[in-house]
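Asks: Structure file model-v1.txt (compact mmCIF, N, CA and C atoms) is given on the next line.
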```
# COMPACT_ATOMS: atom_id res chain seq x y z
N MET A 280 103.25 77.65 81.86
CA MET A 280 103.10 77.65 83.29
C MET A 280 101.84 78.43 83.68
N ILE A 281 101.07 77.91 84.58
CA ILE A 281 99.85 78.55 85.06
C ILE A 281 100.12 79.11 86.45
N GLY A 282 99.65 80.31 86.73
CA GLY A 282 99.86 80.89 88.05
C GLY A 282 99.37 82.32 88.09
N VAL A 283 99.59 82.94 89.22
CA VAL A 283 99.17 84.32 89.43
C VAL A 283 100.37 85.10 89.95
N LYS A 284 100.53 86.32 89.44
CA LYS A 284 101.57 87.22 89.92
C LYS A 284 100.94 88.59 90.11
N ILE A 285 101.21 89.21 91.23
CA ILE A 285 100.71 90.55 91.50
C ILE A 285 101.80 91.53 91.10
N ASN A 286 101.46 92.44 90.21
CA ASN A 286 102.40 93.46 89.72
C ASN A 286 101.97 94.82 90.25
N PHE A 287 102.93 95.59 90.75
CA PHE A 287 102.60 96.95 91.14
C PHE A 287 103.83 97.84 91.03
N VAL A 288 103.56 99.14 90.90
CA VAL A 288 104.60 100.12 90.64
C VAL A 288 104.79 100.99 91.88
N VAL A 289 106.06 101.18 92.26
CA VAL A 289 106.41 102.00 93.42
C VAL A 289 107.43 103.05 93.00
N THR A 290 107.71 103.98 93.88
CA THR A 290 108.70 105.01 93.55
C THR A 290 110.11 104.44 93.47
N ASP A 291 110.41 103.41 94.26
CA ASP A 291 111.75 102.82 94.28
C ASP A 291 111.62 101.36 94.69
N CYS A 292 111.72 100.44 93.73
CA CYS A 292 111.47 99.03 94.03
C CYS A 292 112.54 98.43 94.95
N GLN A 293 113.77 98.91 94.88
CA GLN A 293 114.81 98.39 95.78
C GLN A 293 114.49 98.75 97.22
N GLN A 294 114.06 99.97 97.44
CA GLN A 294 113.67 100.41 98.78
C GLN A 294 112.43 99.64 99.25
N ALA A 295 111.47 99.45 98.36
CA ALA A 295 110.26 98.71 98.72
C ALA A 295 110.59 97.27 99.07
N LEU A 296 111.43 96.61 98.26
CA LEU A 296 111.81 95.22 98.54
C LEU A 296 112.48 95.11 99.90
N GLU A 297 113.36 96.04 100.22
CA GLU A 297 114.05 96.02 101.51
C GLU A 297 113.03 96.10 102.65
N MET A 298 112.04 96.99 102.52
CA MET A 298 111.03 97.12 103.57
C MET A 298 110.18 95.86 103.67
N TYR A 299 109.72 95.33 102.53
CA TYR A 299 108.89 94.13 102.55
C TYR A 299 109.67 92.94 103.13
N ARG A 300 110.96 92.88 102.85
CA ARG A 300 111.82 91.81 103.38
C ARG A 300 111.86 91.85 104.90
N HIS A 301 111.84 93.05 105.48
CA HIS A 301 111.87 93.19 106.93
C HIS A 301 110.52 92.87 107.58
N ILE A 302 109.46 93.00 106.83
CA ILE A 302 108.13 92.76 107.39
C ILE A 302 107.70 91.30 107.20
N PHE A 303 107.85 90.78 105.99
CA PHE A 303 107.32 89.48 105.63
C PHE A 303 108.42 88.44 105.40
N ASP A 304 108.01 87.19 105.35
CA ASP A 304 108.89 86.07 105.02
C ASP A 304 108.91 85.93 103.50
N ILE A 305 109.93 86.48 102.86
CA ILE A 305 110.02 86.51 101.40
C ILE A 305 111.02 85.46 100.92
N GLN A 306 110.67 84.77 99.83
CA GLN A 306 111.56 83.79 99.23
C GLN A 306 111.75 84.10 97.75
N HIS A 307 112.76 83.47 97.18
CA HIS A 307 113.01 83.51 95.73
C HIS A 307 113.03 84.93 95.19
N GLU A 308 113.80 85.79 95.80
CA GLU A 308 113.80 87.17 95.34
C GLU A 308 114.88 87.41 94.30
N SER A 309 114.61 88.33 93.43
CA SER A 309 115.59 88.83 92.48
C SER A 309 115.32 90.31 92.29
N VAL A 310 116.38 91.06 92.13
CA VAL A 310 116.23 92.51 91.98
C VAL A 310 117.33 93.01 91.05
N THR A 311 116.96 93.94 90.19
CA THR A 311 117.95 94.53 89.29
C THR A 311 118.62 95.70 90.01
N ASN A 312 119.77 96.10 89.52
CA ASN A 312 120.51 97.21 90.12
C ASN A 312 120.91 98.18 89.02
N ASP A 313 119.92 98.70 88.32
CA ASP A 313 120.14 99.64 87.24
C ASP A 313 119.89 101.06 87.76
N GLU A 314 119.86 102.02 86.86
CA GLU A 314 119.57 103.39 87.27
C GLU A 314 118.12 103.48 87.77
N HIS A 315 117.87 104.44 88.66
CA HIS A 315 116.51 104.60 89.20
C HIS A 315 115.54 104.82 88.05
N GLY A 316 114.43 104.14 88.12
CA GLY A 316 113.41 104.22 87.07
C GLY A 316 113.46 103.02 86.14
N ALA A 317 114.52 102.22 86.25
CA ALA A 317 114.66 101.06 85.37
C ALA A 317 114.75 99.76 86.16
N ASN A 318 114.50 99.80 87.44
CA ASN A 318 114.64 98.60 88.27
C ASN A 318 113.33 97.87 88.46
N GLU A 319 113.47 96.59 88.75
CA GLU A 319 112.32 95.76 89.10
C GLU A 319 112.79 94.68 90.05
N ALA A 320 111.86 94.14 90.79
CA ALA A 320 112.15 93.06 91.73
C ALA A 320 111.01 92.06 91.68
N GLU A 321 111.36 90.81 91.88
CA GLU A 321 110.36 89.75 91.98
C GLU A 321 110.64 88.96 93.25
N PHE A 322 109.56 88.52 93.88
CA PHE A 322 109.70 87.68 95.07
C PHE A 322 108.44 86.87 95.26
N THR A 323 108.56 85.85 96.08
CA THR A 323 107.42 85.00 96.43
C THR A 323 107.18 85.16 97.92
N MET A 324 105.92 85.34 98.27
CA MET A 324 105.54 85.46 99.66
C MET A 324 104.31 84.60 99.89
N TYR A 325 104.42 83.66 100.80
CA TYR A 325 103.31 82.77 101.15
C TYR A 325 102.70 82.12 99.90
N GLY A 326 103.56 81.74 98.95
CA GLY A 326 103.11 81.04 97.76
C GLY A 326 102.61 81.94 96.63
N THR A 327 102.63 83.25 96.81
CA THR A 327 102.16 84.18 95.78
C THR A 327 103.35 84.94 95.22
N LYS A 328 103.37 85.10 93.91
CA LYS A 328 104.44 85.84 93.26
C LYS A 328 104.09 87.32 93.18
N PHE A 329 105.09 88.16 93.47
CA PHE A 329 104.96 89.61 93.39
C PHE A 329 106.03 90.16 92.46
N HIS A 330 105.69 91.18 91.72
CA HIS A 330 106.61 91.84 90.80
C HIS A 330 106.43 93.34 91.01
N ILE A 331 107.47 94.00 91.50
CA ILE A 331 107.40 95.44 91.71
C ILE A 331 108.36 96.14 90.76
N LEU A 332 107.93 97.28 90.28
CA LEU A 332 108.71 98.05 89.31
C LEU A 332 108.84 99.49 89.76
N ASP A 333 109.96 100.11 89.38
CA ASP A 333 110.10 101.55 89.58
C ASP A 333 109.11 102.27 88.68
N GLY A 334 108.53 103.33 89.19
CA GLY A 334 107.69 104.17 88.34
C GLY A 334 108.57 104.99 87.41
N THR A 335 108.20 105.06 86.16
CA THR A 335 108.95 105.86 85.19
C THR A 335 108.04 106.29 84.05
N PRO A 336 107.99 107.58 83.78
CA PRO A 336 107.15 108.07 82.68
C PRO A 336 107.55 107.48 81.33
N LYS A 337 108.86 107.21 81.14
CA LYS A 337 109.35 106.68 79.87
C LYS A 337 108.65 105.36 79.51
N CYS A 338 108.40 104.53 80.52
CA CYS A 338 107.73 103.24 80.29
C CYS A 338 106.23 103.32 80.58
N LYS A 339 105.78 104.53 80.92
CA LYS A 339 104.36 104.76 81.24
C LYS A 339 103.89 103.92 82.42
N THR A 340 104.78 103.71 83.40
CA THR A 340 104.40 103.05 84.64
C THR A 340 104.29 104.13 85.71
N VAL A 341 103.14 104.21 86.31
CA VAL A 341 102.85 105.26 87.29
C VAL A 341 102.72 104.61 88.66
N GLU A 342 103.50 105.13 89.61
CA GLU A 342 103.44 104.56 90.96
C GLU A 342 102.19 105.03 91.69
N SER A 343 101.89 104.32 92.77
CA SER A 343 100.73 104.67 93.58
C SER A 343 100.98 106.00 94.27
N ASN A 344 99.96 106.53 94.88
CA ASN A 344 100.05 107.81 95.56
C ASN A 344 100.06 107.57 97.06
N PRO A 345 101.22 107.70 97.72
CA PRO A 345 101.29 107.44 99.15
C PRO A 345 100.39 108.34 100.00
N SER A 346 100.01 109.51 99.49
CA SER A 346 99.14 110.39 100.26
C SER A 346 97.66 109.99 100.16
N ALA A 347 97.35 109.06 99.26
CA ALA A 347 95.96 108.60 99.11
C ALA A 347 95.93 107.08 98.90
N PRO A 348 96.40 106.30 99.91
CA PRO A 348 96.41 104.84 99.73
C PRO A 348 95.01 104.26 99.78
N GLY A 349 94.86 103.07 99.21
CA GLY A 349 93.62 102.34 99.41
C GLY A 349 92.85 101.96 98.18
N PHE A 350 93.33 102.24 96.98
CA PHE A 350 92.56 101.88 95.81
C PHE A 350 92.54 100.37 95.58
N ILE A 351 93.53 99.67 96.07
CA ILE A 351 93.51 98.21 96.15
C ILE A 351 94.14 97.83 97.48
N TRP A 352 93.95 96.60 97.91
CA TRP A 352 94.69 96.14 99.07
C TRP A 352 95.08 94.69 98.87
N ILE A 353 96.14 94.32 99.54
CA ILE A 353 96.67 92.97 99.46
C ILE A 353 96.35 92.29 100.77
N ASP A 354 95.64 91.18 100.70
CA ASP A 354 95.15 90.45 101.86
C ASP A 354 96.01 89.21 102.05
N ILE A 355 96.67 89.12 103.20
CA ILE A 355 97.61 88.03 103.45
C ILE A 355 97.28 87.36 104.78
N THR A 356 97.15 86.05 104.76
CA THR A 356 96.99 85.28 105.99
C THR A 356 98.37 84.94 106.51
N VAL A 357 98.65 85.34 107.75
CA VAL A 357 99.98 85.20 108.32
C VAL A 357 99.95 84.30 109.57
N PRO A 358 101.10 83.72 109.94
CA PRO A 358 101.13 82.85 111.11
C PRO A 358 101.12 83.59 112.44
N ASP A 359 101.66 84.82 112.49
CA ASP A 359 101.74 85.58 113.74
C ASP A 359 101.47 87.06 113.43
N ILE A 360 100.20 87.44 113.51
CA ILE A 360 99.79 88.79 113.10
C ILE A 360 100.44 89.89 113.93
N LYS A 361 100.60 89.67 115.22
CA LYS A 361 101.19 90.71 116.06
C LYS A 361 102.64 90.96 115.69
N ASP A 362 103.38 89.91 115.40
CA ASP A 362 104.78 90.05 115.01
C ASP A 362 104.91 90.77 113.67
N ILE A 363 104.13 90.35 112.69
CA ILE A 363 104.19 90.97 111.36
C ILE A 363 103.76 92.44 111.44
N TYR A 364 102.71 92.72 112.19
CA TYR A 364 102.22 94.09 112.33
C TYR A 364 103.26 94.98 113.01
N LYS A 365 103.91 94.45 114.04
CA LYS A 365 104.96 95.19 114.74
C LYS A 365 106.10 95.54 113.77
N LYS A 366 106.47 94.60 112.91
CA LYS A 366 107.52 94.85 111.92
C LYS A 366 107.09 95.93 110.93
N ALA A 367 105.83 95.90 110.52
CA ALA A 367 105.31 96.90 109.59
C ALA A 367 105.37 98.30 110.21
N MET A 368 104.98 98.42 111.47
CA MET A 368 105.01 99.72 112.14
C MET A 368 106.45 100.20 112.29
N ALA A 369 107.37 99.28 112.61
CA ALA A 369 108.79 99.63 112.76
C ALA A 369 109.39 100.05 111.42
N ALA A 370 108.84 99.56 110.32
CA ALA A 370 109.34 99.89 108.98
C ALA A 370 108.76 101.20 108.46
N GLY A 371 107.95 101.88 109.25
CA GLY A 371 107.42 103.18 108.84
C GLY A 371 106.06 103.13 108.16
N CYS A 372 105.36 102.02 108.31
CA CYS A 372 104.02 101.93 107.73
C CYS A 372 103.02 102.68 108.60
N GLN A 373 101.89 103.04 108.00
CA GLN A 373 100.85 103.80 108.69
C GLN A 373 99.75 102.85 109.18
N GLU A 374 99.44 102.93 110.45
CA GLU A 374 98.38 102.09 111.01
C GLU A 374 97.02 102.57 110.50
N LEU A 375 96.27 101.63 109.94
CA LEU A 375 94.89 101.90 109.56
C LEU A 375 93.93 101.16 110.49
N GLN A 376 94.35 99.97 110.93
CA GLN A 376 93.59 99.21 111.93
C GLN A 376 94.56 98.30 112.65
N SER A 377 94.67 98.46 113.95
CA SER A 377 95.55 97.60 114.74
C SER A 377 94.97 96.18 114.76
N PRO A 378 95.75 95.16 115.14
CA PRO A 378 95.21 93.79 115.19
C PRO A 378 93.94 93.74 116.03
N THR A 379 92.88 93.28 115.40
CA THR A 379 91.55 93.26 116.01
C THR A 379 90.92 91.90 115.83
N GLU A 380 90.50 91.28 116.94
CA GLU A 380 89.82 89.99 116.86
C GLU A 380 88.36 90.23 116.48
N LEU A 381 87.92 89.56 115.43
CA LEU A 381 86.54 89.70 114.99
C LEU A 381 85.72 88.62 115.68
N GLU A 382 84.93 89.04 116.63
CA GLU A 382 84.16 88.12 117.44
C GLU A 382 83.23 87.26 116.58
N GLY A 383 83.21 85.98 116.88
CA GLY A 383 82.33 85.06 116.18
C GLY A 383 82.89 84.55 114.87
N LEU A 384 83.96 85.16 114.35
CA LEU A 384 84.52 84.73 113.08
C LEU A 384 85.83 83.96 113.24
N CYS A 385 86.36 83.90 114.46
CA CYS A 385 87.61 83.18 114.73
C CYS A 385 88.75 83.68 113.85
N VAL A 386 88.81 85.00 113.65
CA VAL A 386 89.87 85.58 112.85
C VAL A 386 90.26 86.93 113.46
N THR A 387 91.54 87.22 113.37
CA THR A 387 92.06 88.53 113.77
C THR A 387 92.59 89.19 112.51
N ASN A 388 92.32 90.47 112.34
CA ASN A 388 92.90 91.15 111.19
C ASN A 388 93.45 92.51 111.59
N ALA A 389 94.30 93.04 110.72
CA ALA A 389 94.93 94.34 110.89
C ALA A 389 95.15 94.91 109.51
N VAL A 390 95.22 96.24 109.42
CA VAL A 390 95.40 96.88 108.12
C VAL A 390 96.42 98.01 108.28
N PHE A 391 97.35 98.09 107.32
CA PHE A 391 98.31 99.19 107.31
C PHE A 391 98.58 99.63 105.88
N ALA A 392 99.03 100.87 105.74
CA ALA A 392 99.46 101.40 104.45
C ALA A 392 100.97 101.52 104.48
N ASP A 393 101.62 101.06 103.42
CA ASP A 393 103.07 101.19 103.37
C ASP A 393 103.44 102.57 102.81
N PRO A 394 104.70 102.98 102.94
CA PRO A 394 105.10 104.31 102.48
C PRO A 394 104.97 104.51 100.97
N PHE A 395 104.69 103.44 100.22
CA PHE A 395 104.56 103.54 98.78
C PHE A 395 103.10 103.70 98.34
N GLY A 396 102.18 103.69 99.32
CA GLY A 396 100.77 103.93 99.02
C GLY A 396 99.93 102.68 98.86
N PHE A 397 100.47 101.52 99.24
CA PHE A 397 99.69 100.29 99.13
C PHE A 397 99.17 99.86 100.49
N VAL A 398 97.97 99.33 100.50
CA VAL A 398 97.32 98.89 101.72
C VAL A 398 97.45 97.37 101.83
N TRP A 399 97.82 96.92 103.02
CA TRP A 399 98.00 95.50 103.31
C TRP A 399 97.06 95.12 104.44
N MET A 400 96.26 94.07 104.23
CA MET A 400 95.40 93.54 105.29
C MET A 400 96.01 92.21 105.74
N LEU A 401 96.30 92.13 107.01
CA LEU A 401 96.82 90.90 107.59
C LEU A 401 95.68 90.16 108.26
N GLN A 402 95.68 88.84 108.14
CA GLN A 402 94.69 88.01 108.83
C GLN A 402 95.39 86.84 109.49
N GLN A 403 94.88 86.46 110.65
CA GLN A 403 95.34 85.25 111.33
C GLN A 403 94.11 84.51 111.79
N GLU A 404 94.02 83.27 111.36
CA GLU A 404 92.86 82.46 111.73
C GLU A 404 93.13 81.66 112.97
```
How would this structure read if it were set down as structure tokens?
Replies:
Amino acid sequence: MIGVKINFVVTDCQQALEMYRHIFDIQHESVTNDEHGANEAEFTMYGTKFHILDGTPKCKTVESNPSAPGFIWIDITVPDIKDIYKKAMAAGCQELQSPTELEGLCVTNAVFADPFGFVWMLQQE
């Protein structure tokens, strides 16, 4: 099978999945229910596969640093940027850029950091 999956490590993948579920339209999800540090979740969002794992030193998986987000960002084109952004703010995400129309480019974008230290850029064309 050919495809792309984005993998990232968070402090608690069950908590992260719950938050992402409230913000985005997620399909085909699966999540384990083991002891903390041994869980993982997979889901599809807008045709892209995501795999999140609990951070655990035993497996040498290190989660991002929520106090210093921004080393990578996930760029998603969404159907209703204001609705998705509102959900992100309600879920406890940090505003980095409110929905802003980029003049001459026919696109609106917004940027937020989630509580796990990942930056998400939303775009609506």
Asks: Can you tell me, as a list in words, which residues in chain A count as helix (DSSP H, G or I) by DSSP?
Replies: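 Residues of chain A classed as helix (DSSP H, G or I): Cys292, Gln293, Gln294, Ala295, Leu296, Glu297, Met298, Tyr299, Arg300, His301, Ile302, Pro336, Lys337, Cys338, Ile360, Lys361, Asp362, Ile363, Tyr364, Lys365, Lys366, Ala367, Met368 and Ala369 of chain A.
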Asks: Report, in Å to a single decimal, how far apart atom CA of A:Gly371 and atom CA of A:His330 are.
Replies: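 Atom CA of A:His330 sits 21.3 Å away from atom CA of A:Gly371.
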Asks: Contacts of A:Asp333 at 6 Å or less, counting all atoms listed in the file, minus same-chain residues fewer than 2 places along, as a list in words?
Replies: Val288, Val289, Thr290, Asp291, Cys292, Gly316, Ala317, Asn318, Glu319, Ile331, Thr335 and Thr340 of chain A
Asks: When you draw a straight line from atom CA of A:Ile355 to atom CA of A:Val341, how long is it in Å?
Replies: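 If I compute the distance from atom CA of A:Ile355 to atom CA of A:Val341, I get 24.2 Å.
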Asks: Which residue out of A:Ser343, A:Gln294, A:Gln403, A:Asn286 has the minimum interatomic distance to A:Asp359 when only C-alpha atoms are used?
Replies: A:Gln403
Asks: I'd like the neighbourhood of A:Ile360 as a short mmCIF file (atom, residue, chain, number, x, y, z; two decimals) with N, CA and C atoms, in the coordinates of the input, where a residue qualifies if any of its atoms comes within 8 Å (using all atoms listed in the file), though same-chain residues fewer than 3 positions away should be ignored.
Replies:
```cif
data_model
loop_
_atom_site.label_atom_id
_atom_site.label_comp_id
_atom_site.auth_asym_id
_atom_site.auth_seq_id
_atom_site.Cartn_x
_atom_site.Cartn_y
_atom_site.Cartn_z
N THR A 356 97.15 86.05 104.76
CA THR A 356 96.99 85.28 105.99
C THR A 356 98.37 84.94 106.51
N VAL A 357 98.65 85.34 107.75
CA VAL A 357 99.98 85.20 108.32
C VAL A 357 99.95 84.30 109.57
N ILE A 363 104.13 90.35 112.69
CA ILE A 363 104.19 90.97 111.36
C ILE A 363 103.76 92.44 111.44
N TYR A 364 102.71 92.72 112.19
CA TYR A 364 102.22 94.09 112.33
C TYR A 364 103.26 94.98 113.01
N LYS A 365 103.91 94.45 114.04
CA LYS A 365 104.96 95.19 114.74
C LYS A 365 106.10 95.54 113.77
N LYS A 366 106.47 94.60 112.91
CA LYS A 366 107.52 94.85 111.92
C LYS A 366 107.09 95.93 110.93
N PRO A 378 95.75 95.16 115.14
CA PRO A 378 95.21 93.79 115.19
C PRO A 378 93.94 93.74 116.03
N THR A 387 91.54 87.22 113.37
CA THR A 387 92.06 88.53 113.77
C THR A 387 92.59 89.19 112.51
N ASN A 388 92.32 90.47 112.34
CA ASN A 388 92.90 91.15 111.19
C ASN A 388 93.45 92.51 111.59
N ALA A 389 94.30 93.04 110.72
CA ALA A 389 94.93 94.34 110.89
C ALA A 389 95.15 94.91 109.51
N LEU A 401 96.30 92.13 107.01
CA LEU A 401 96.82 90.90 107.59
C LEU A 401 95.68 90.16 108.26
N GLN A 402 95.68 88.84 108.14
CA GLN A 402 94.69 88.01 108.83
C GLN A 402 95.39 86.84 109.49
N GLN A 403 94.88 86.46 110.65
CA GLN A 403 95.34 85.25 111.33
C GLN A 403 94.11 84.51 111.79
N GLU A 404 94.02 83.27 111.36
CA GLU A 404 92.86 82.46 111.73
C GLU A 404 93.13 81.66 112.97
#
```
Asks: To one decimal place in Å, what is the distance between atom CA of A:Gly334 and atom N of A:Val390?
Replies: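 If I compute the distance from atom CA of A:Gly334 to atom N of A:Val390, I get 25.7 Å.
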Asks: Which is closest to A:Val283 among A:Phe303, A:Cys372, A:Gly326, A:His315, if we use only N, CA and C atoms?
Replies: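 Closest to A:Val283, using only N, CA and C atoms: A:Gly326.
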Asks: Which residues, protein or nucleic acid, reach to within 12 Å of (106.6, 87.0, 93.6) in the file's coordinates when using only C-alpha atoms, and can you give that as a list of chain:residue names?
Replies: A:Gly282, A:Val283, A:Lys284, A:Ile285, A:Asn286, A:Phe287, A:Leu296, A:Tyr299, A:Asp304, A:Ile305, A:Gln306, A:His307, A:Glu308, A:Ser309, A:Val310, A:Glu319, A:Ala320, A:Glu321, A:Phe322, A:Thr323, A:Met324, A:Tyr325, A:Gly326, A:Thr327, A:Lys328, A:Phe329, A:His330, A:Ile331
